>>> print(open('run_5.cif').read())   # mmCIF, C-alpha atoms
data_structure
#
loop_
_atom_site.group_PDB
_atom_site.id
_atom_site.type_symbol
_atom_site.label_atom_id
_atom_site.label_comp_id
_atom_site.auth_asym_id
_atom_site.auth_seq_id
_atom_site.Cartn_x
_atom_site.Cartn_y
_atom_site.Cartn_z
ATOM 1 C CA MET A 72 0.000 0.000 0.000
ATOM 2 C CA SER A 73 1.243 3.532 -0.716
ATOM 3 C CA LYS A 74 2.056 6.163 1.895
ATOM 4 C CA VAL A 75 -1.474 7.490 1.509
ATOM 5 C CA GLN A 76 -3.870 5.324 3.458
ATOM 6 C CA ALA A 77 -7.317 4.884 1.899
ATOM 7 C CA ILE A 78 -10.288 5.180 4.223
ATOM 8 C CA VAL A 79 -12.726 2.387 3.531
ATOM 9 C CA HIS A 80 -16.276 2.913 4.751
ATOM 10 C CA ARG A 81 -18.153 -0.283 5.374
ATOM 11 C CA ALA A 82 -21.731 -0.773 6.445
ATOM 12 C CA PRO A 83 -21.745 -2.467 9.865
ATOM 13 C CA SER A 84 -24.702 -4.741 9.046
ATOM 14 C CA ILE A 85 -27.640 -5.301 6.723
ATOM 15 C CA LYS A 86 -30.282 -2.612 7.194
ATOM 16 C CA TYR A 87 -33.857 -3.256 6.087
ATOM 17 C CA GLN A 88 -36.487 -0.635 6.772
ATOM 18 C CA PRO A 89 -39.821 -1.316 5.052
ATOM 19 C CA ARG A 90 -41.118 2.233 5.595
ATOM 20 C CA SER A 91 -39.266 5.049 7.281
ATOM 21 C CA LYS A 92 -40.914 7.320 9.856
ATOM 22 C CA ARG A 93 -41.831 10.637 8.212
ATOM 23 C CA TYR A 94 -40.982 14.069 9.601
ATOM 24 C CA TYR A 95 -41.574 17.686 8.764
ATOM 25 C CA PHE A 96 -38.168 19.071 7.757
ATOM 26 C CA ASP A 97 -38.368 22.846 7.987
ATOM 27 C CA VAL A 98 -40.227 23.586 4.699
ATOM 28 C CA GLY A 99 -40.787 20.000 3.481
ATOM 29 C CA ILE A 100 -41.614 16.498 4.587
ATOM 30 C CA GLY A 101 -39.571 13.326 4.355
ATOM 31 C CA SER A 102 -37.609 10.628 6.097
ATOM 32 C CA VAL A 103 -34.070 9.509 6.727
ATOM 33 C CA CYS A 104 -33.906 6.209 4.834
ATOM 34 C CA LEU A 105 -30.270 5.423 5.632
ATOM 35 C CA SER A 106 -28.088 7.199 8.179
ATOM 36 C CA GLY A 107 -24.340 7.255 8.599
ATOM 37 C CA LYS A 108 -24.803 4.649 11.325
ATOM 38 C CA ASP A 109 -26.281 2.342 8.667
ATOM 39 C CA THR A 110 -23.548 2.986 6.055
ATOM 40 C CA GLY A 111 -20.396 3.133 8.148
ATOM 41 C CA GLY A 112 -20.363 6.913 7.687
ATOM 42 C CA ALA A 113 -20.049 6.717 3.895
ATOM 43 C CA TYR A 114 -23.339 8.471 3.092
ATOM 44 C CA CYS A 115 -26.895 9.118 4.176
ATOM 45 C CA LEU A 116 -30.051 8.836 2.065
ATOM 46 C CA ILE A 117 -33.079 11.055 2.593
ATOM 47 C CA GLU A 118 -36.405 11.064 0.753
ATOM 48 C CA ALA A 119 -38.222 14.384 0.659
ATOM 49 C CA SER A 120 -41.155 16.271 -0.826
ATOM 50 C CA LEU A 121 -41.859 19.960 -1.284
ATOM 51 C CA ALA A 122 -45.218 21.522 -2.126
ATOM 52 C CA ALA A 123 -45.415 23.562 -5.336
ATOM 53 C CA GLY A 124 -43.476 26.829 -5.065
ATOM 54 C CA ILE A 125 -41.686 25.914 -1.816
ATOM 55 C CA GLY A 126 -37.908 26.048 -1.657
ATOM 56 C CA VAL A 127 -34.770 25.925 0.441
ATOM 57 C CA PRO A 128 -32.692 29.140 0.441
ATOM 58 C CA ARG A 129 -29.166 29.448 -0.924
ATOM 59 C CA HIS A 130 -26.659 27.632 1.275
ATOM 60 C CA THR A 131 -23.305 25.866 1.135
ATOM 61 C CA HIS A 132 -22.285 22.511 2.569
ATOM 62 C CA THR A 133 -18.661 22.537 3.704
ATOM 63 C CA ARG A 134 -18.499 18.882 4.752
ATOM 64 C CA GLU A 135 -20.427 16.825 2.213
ATOM 65 C CA ASP A 136 -21.379 16.499 -1.466
ATOM 66 C CA GLU A 137 -25.120 16.437 -2.215
ATOM 67 C CA ALA A 138 -26.842 14.358 -4.905
ATOM 68 C CA TYR A 139 -30.461 14.651 -6.083
ATOM 69 C CA TYR A 140 -32.672 12.097 -7.821
ATOM 70 C CA VAL A 141 -36.233 13.127 -8.723
ATOM 71 C CA ILE A 142 -38.923 10.464 -8.390
ATOM 72 C CA SER A 143 -41.887 12.652 -9.372
ATOM 73 C CA GLY A 144 -42.660 16.284 -10.074
ATOM 74 C CA GLU A 145 -40.047 18.990 -10.630
ATOM 75 C CA LEU A 146 -37.094 20.242 -8.639
ATOM 76 C CA GLU A 147 -35.246 23.383 -9.651
ATOM 77 C CA VAL A 148 -31.680 23.383 -8.336
ATOM 78 C CA ILE A 149 -29.329 26.327 -8.718
ATOM 79 C CA VAL A 150 -25.694 25.294 -8.207
ATOM 80 C CA GLY A 151 -23.364 28.291 -8.311
ATOM 81 C CA ASP A 152 -24.896 30.292 -11.160
ATOM 82 C CA GLU A 153 -26.222 27.322 -13.159
ATOM 83 C CA VAL A 154 -29.961 26.543 -13.117
ATOM 84 C CA PHE A 155 -31.168 22.960 -13.540
ATOM 85 C CA VAL A 156 -34.823 21.895 -13.689
ATOM 86 C CA LEU A 157 -34.923 18.216 -12.768
ATOM 87 C CA LYS A 158 -37.882 16.005 -13.658
ATOM 88 C CA ALA A 159 -38.679 12.368 -12.856
ATOM 89 C CA GLY A 160 -35.615 10.223 -13.529
ATOM 90 C CA ASP A 161 -33.145 13.146 -13.542
ATOM 91 C CA SER A 162 -30.190 13.338 -11.172
ATOM 92 C CA LEU A 163 -27.664 16.000 -10.234
ATOM 93 C CA MET A 164 -24.528 16.247 -8.088
ATOM 94 C CA ALA A 165 -23.831 19.449 -6.127
ATOM 95 C CA PRO A 166 -20.255 19.304 -4.801
ATOM 96 C CA ARG A 167 -19.413 20.677 -1.362
ATOM 97 C CA ASP A 168 -18.253 24.296 -1.060
ATOM 98 C CA ILE A 169 -20.449 25.468 -3.978
ATOM 99 C CA PRO A 170 -23.522 27.522 -2.968
ATOM 100 C CA HIS A 171 -26.830 26.052 -4.084
ATOM 101 C CA GLN A 172 -30.562 26.349 -3.533
ATOM 102 C CA LEU A 173 -33.615 24.348 -4.519
ATOM 103 C CA ARG A 174 -37.340 24.749 -4.952
ATOM 104 C CA ASN A 175 -40.300 22.914 -6.360
ATOM 105 C CA SER A 176 -40.820 24.754 -9.661
ATOM 106 C CA GLY A 177 -43.724 22.504 -10.652
ATOM 107 C CA ILE A 178 -47.462 22.753 -10.033
ATOM 108 C CA THR A 179 -47.776 19.636 -7.849
ATOM 109 C CA THR A 180 -45.927 18.274 -4.822
ATOM 110 C CA ASN A 181 -42.641 16.664 -5.833
ATOM 111 C CA HIS A 182 -40.835 13.622 -4.440
ATOM 112 C CA TYR A 183 -37.066 13.165 -4.578
ATOM 113 C CA LEU A 184 -34.071 11.486 -2.987
ATOM 114 C CA LEU A 185 -31.091 13.275 -1.479
ATOM 115 C CA GLY A 186 -27.778 11.563 -0.926
ATOM 116 C CA PHE A 187 -25.035 13.160 1.160
ATOM 117 C CA SER A 188 -21.472 11.873 1.196
ATOM 118 C CA PRO A 189 -20.002 11.468 3.695
ATOM 119 C CA SER A 190 -22.873 11.176 6.153
ATOM 120 C CA GLY A 191 -23.607 13.742 8.847
ATOM 121 C CA PHE A 192 -26.254 15.959 7.267
ATOM 122 C CA GLU A 193 -28.984 13.690 8.626
ATOM 123 C CA GLY A 194 -28.060 14.913 12.123
ATOM 124 C CA PHE A 195 -28.914 18.473 11.105
ATOM 125 C CA VAL A 196 -32.174 17.340 9.485
ATOM 126 C CA MET A 197 -33.266 15.438 12.574
ATOM 127 C CA ALA A 198 -32.297 18.329 14.887
ATOM 128 C CA THR A 199 -34.959 20.449 13.162
ATOM 129 C CA ALA A 200 -37.492 17.674 12.444
ATOM 130 C CA LEU A 201 -40.979 17.289 13.858
ATOM 131 C CA PRO A 202 -42.875 13.973 13.645
ATOM 132 C CA ALA A 203 -45.492 13.892 10.874
ATOM 133 C CA PRO A 204 -48.663 11.803 10.932
ATOM 134 C CA ASP A 205 -48.862 8.857 8.509
ATOM 135 C CA ASN A 206 -51.167 10.721 6.099
ATOM 136 C CA ALA A 207 -49.229 14.032 6.191
ATOM 137 C CA VAL A 208 -48.300 15.887 3.016
ATOM 138 C CA ALA A 209 -45.704 18.570 2.283
ATOM 139 C CA PRO A 210 -46.680 21.909 3.851
ATOM 140 C CA THR A 211 -47.880 24.646 1.505
ATOM 141 C CA GLU A 212 -46.789 28.306 1.585
ATOM 142 C CA ARG A 213 -49.996 29.193 3.444
ATOM 143 C CA GLN A 214 -49.418 26.521 6.105
ATOM 144 C CA LEU A 215 -45.824 27.659 6.591
ATOM 145 C CA GLN A 216 -46.975 31.266 7.121
ATOM 146 C CA VAL A 217 -49.771 30.374 9.568
ATOM 147 C CA GLU A 218 -48.101 27.773 11.774
ATOM 148 C CA GLU A 219 -45.676 28.742 14.531
ATOM 149 C CA PRO A 220 -42.230 27.284 13.728
ATOM 150 C CA SER A 221 -40.643 24.968 16.273
ATOM 151 C CA LEU A 222 -37.773 26.235 18.410
ATOM 152 C CA ALA A 223 -35.371 24.075 16.344
ATOM 153 C CA VAL A 224 -36.569 25.667 13.080
ATOM 154 C CA GLN A 225 -36.331 29.144 14.634
ATOM 155 C CA ASN A 226 -32.677 28.375 15.412
ATOM 156 C CA VAL A 227 -31.930 26.708 12.048
ATOM 157 C CA HIS A 228 -29.062 29.084 11.180
ATOM 158 C CA LYS A 229 -27.292 28.419 14.494
ATOM 159 C CA LEU A 230 -27.803 24.679 14.107
ATOM 160 C CA ALA A 231 -26.627 24.814 10.482
ATOM 161 C CA THR A 232 -23.315 26.381 11.478
ATOM 162 C CA GLU A 233 -22.686 23.478 13.866
ATOM 163 C CA TYR A 234 -23.083 21.094 10.886
ATOM 164 C CA GLY A 235 -20.854 23.065 8.487
ATOM 165 C CA ILE A 236 -23.751 24.600 6.543
ATOM 166 C CA LEU A 237 -23.572 28.275 5.636
ATOM 167 C CA PHE A 238 -26.606 30.286 4.477
ATOM 168 C CA GLY A 239 -26.426 33.090 1.941
#
>>> encode(input="run_5.cif", output="structure tokens")
Amino acid sequence: MSKVQAIVHRAPSIKYQPRSKRYYFDVGIGSVCLSGKDTGGAYCLIEASLAAGIGVPRHTHTREDEAYYVISGELEVIVGDEVFVLKAGDSLMAPRDIPHQLRNSGITTNHYLLGFSPSGFEGFVMATALPAPDNAVAPTERQLQVEEPSLAVQNVHKLATEYGILFG
């Protein structure tokens, strides 16, 4: 082996989860399908949905790369200055240290997968998450304006900094 040691991530065991518990994540709804604990820290996998017109503001991940895969609907992702409108079956990689933002640019609720490598982002997501009932759907703009945000969501910028996420 060379002087540079390769870090090999290995899943500690088989992980089967027939249906993940769903949570409200700030402006969307979703679940953590696989955490770093499940993948030996290599990555985490999150499924999410946003209502039409809802988005996540411009931010930068300093610790992980982010990948998107759209299952249904549309997802507009701006990476740096490039705009991508993803539709069902489309995927995109947003490398760490490049500002990006996303929003549902379609007319119906979307559904997509997010992969983060290495893992760690799921800790931030769960720090701001609130349990959602089984029949819950992605919150609309009106619902987000009417409902009082949780203390975790009110402190999202402080929490983000602890996870290497910068807004703006």
>>> residues_around(input="run_5.cif", residues="stretch 209-214 of chain A", least_positions_apart="6", cutoff="9 Å", atoms="only C-alpha atoms", output="short mmCIF file (atom, residue, chain, number, x, y, z; two decimals) with C-alpha atoms, keeping the file's coordinate frame")
data_model
loop_
_atom_site.label_atom_id
_atom_site.label_comp_id
_atom_site.auth_asym_id
_atom_site.auth_seq_id
_atom_site.Cartn_x
_atom_site.Cartn_y
_atom_site.Cartn_z
CA TYR A 95 -41.57 17.69 8.76
CA VAL A 98 -40.23 23.59 4.70
CA GLY A 99 -40.79 20.00 3.48
CA ILE A 100 -41.61 16.50 4.59
CA GLY A 101 -39.57 13.33 4.36
CA ALA A 119 -38.22 14.38 0.66
CA SER A 120 -41.16 16.27 -0.83
CA LEU A 121 -41.86 19.96 -1.28
CA ALA A 122 -45.22 21.52 -2.13
CA ALA A 123 -45.42 23.56 -5.34
CA GLY A 124 -43.48 26.83 -5.07
CA ILE A 125 -41.69 25.91 -1.82
CA THR A 180 -45.93 18.27 -4.82
CA ASN A 181 -42.64 16.66 -5.83
#
>>> closest_residue(input="run_5.cif", among="A:Pro166, A:Glu233, A:Gly239, A:Pro89", to="A:Pro189", atoms="all atoms listed in the file")
A:Pro166
>>> closest_atom_pairs(input="run_5.cif", of="stretch 80-119 of chain A", to="stretch 184-187 of chain A", cutoff="10 Å", atoms="only C-alpha atoms", output="Markdown table")
| residue | atom | partner | partner_atom | distance |
| --- | --- | --- | --- | --- |
| A:Gly101 | CA | A:Leu184 | CA | 9.4 |
| A:Ser102 | CA | A:Leu184 | CA | 9.8 |
| A:Val103 | CA | A:Leu185 | CA | 9.5 |
| A:Cys104 | CA | A:Leu184 | CA | 9.4 |
| A:Leu105 | CA | A:Gly186 | CA | 9.3 |
| A:Ser106 | CA | A:Phe187 | CA | 9.7 |
| A:Gly107 | CA | A:Phe187 | CA | 9.5 |
| A:Ala113 | CA | A:Phe187 | CA | 8.6 |
| A:Tyr114 | CA | A:Phe187 | CA | 5.3 |
| A:Cys115 | CA | A:Phe187 | CA | 5.4 |
| A:Leu116 | CA | A:Gly186 | CA | 4.6 |
| A:Ile117 | CA | A:Leu185 | CA | 5.0 |
| A:Glu118 | CA | A:Leu184 | CA | 4.4 |
| A:Ala119 | CA | A:Leu184 | CA | 6.2 |
>>> resolve_selection(input="run_5.cif", expression="the PyMOL selection byres ((chain A and resi 159) around 12)", output="PyMOL selection string")
chain A and resi 139-147+156-158+160-163+177+181-184
>>> closest_residue(input="run_5.cif", among="A:Val127, A:Ala231, A:Met164, A:Ala207", to="A:Ser188", atoms="all atoms listed in the file")
A:Met164
>>> resolve_selection(input="run_5.cif", expression="the PyMOL selection byres ((chain A and resi 81-86) around 7)", output="PDB file with C-alpha atoms, in the frame of the given file")
ATOM      1  CA  VAL A  79     -12.726   2.387   3.531  1.00  0.00           C
ATOM      2  CA  HIS A  80     -16.276   2.913   4.751  1.00  0.00           C
ATOM      3  CA  TYR A  87     -33.857  -3.256   6.087  1.00  0.00           C
ATOM      4  CA  GLN A  88     -36.487  -0.635   6.772  1.00  0.00           C
ATOM      5  CA  ASP A 109     -26.281   2.342   8.667  1.00  0.00           C
ATOM      6  CA  THR A 110     -23.548   2.986   6.055  1.00  0.00           C
ATOM      7  CA  GLY A 111     -20.396   3.133   8.148  1.00  0.00           C
TER       8      GLY A 111
END
>>> atom_distance(input="run_5.cif", atom1="atom CA of A:Val208", atom2="atom CA of A:Asp97")
13.1 Å
>>> atom_distance(input="run_5.cif", atom1="atom CA of A:Lys229", atom2="atom CA of A:Met197")
14.4 Å
>>> closest_residue(input="run_5.cif", among="A:Lys108, A:Ala138, A:Arg93, A:Asp168", to="A:Phe238", atoms="only C-alpha atoms")
A:Asp168
>>> atom_distance(input="run_5.cif", atom1="atom CA of A:Thr232", atom2="atom CA of A:Val196")
12.8 Å
>>> closest_residue(input="run_5.cif", among="A:Tyr234, A:Phe195, A:Gly112, A:His130", to="A:Pro170", atoms="all atoms listed in the file")
A:His130
>>> closest_residue(input="run_5.cif", among="A:Gly151, A:Thr199, A:Arg90, A:Gly194", to="A:His228", atoms="all atoms listed in the file")
A:Thr199
>>> closest_residue(input="run_5.cif", among="A:Ser176, A:Ala200, A:Leu237, A:Val227", to="A:Tyr94", atoms="all atoms listed in the file")
A:Ala200
>>> axis_aligned_box(input="run_5.cif", around="stretch 187-205 of chain A", padding_each_side="3 Å", output="AutoDock Vina command-line options")
--center_x -34.4 --center_y 14.7 --center_z 8.0 --size_x 34.9 --size_y 17.6 --size_z 19.7
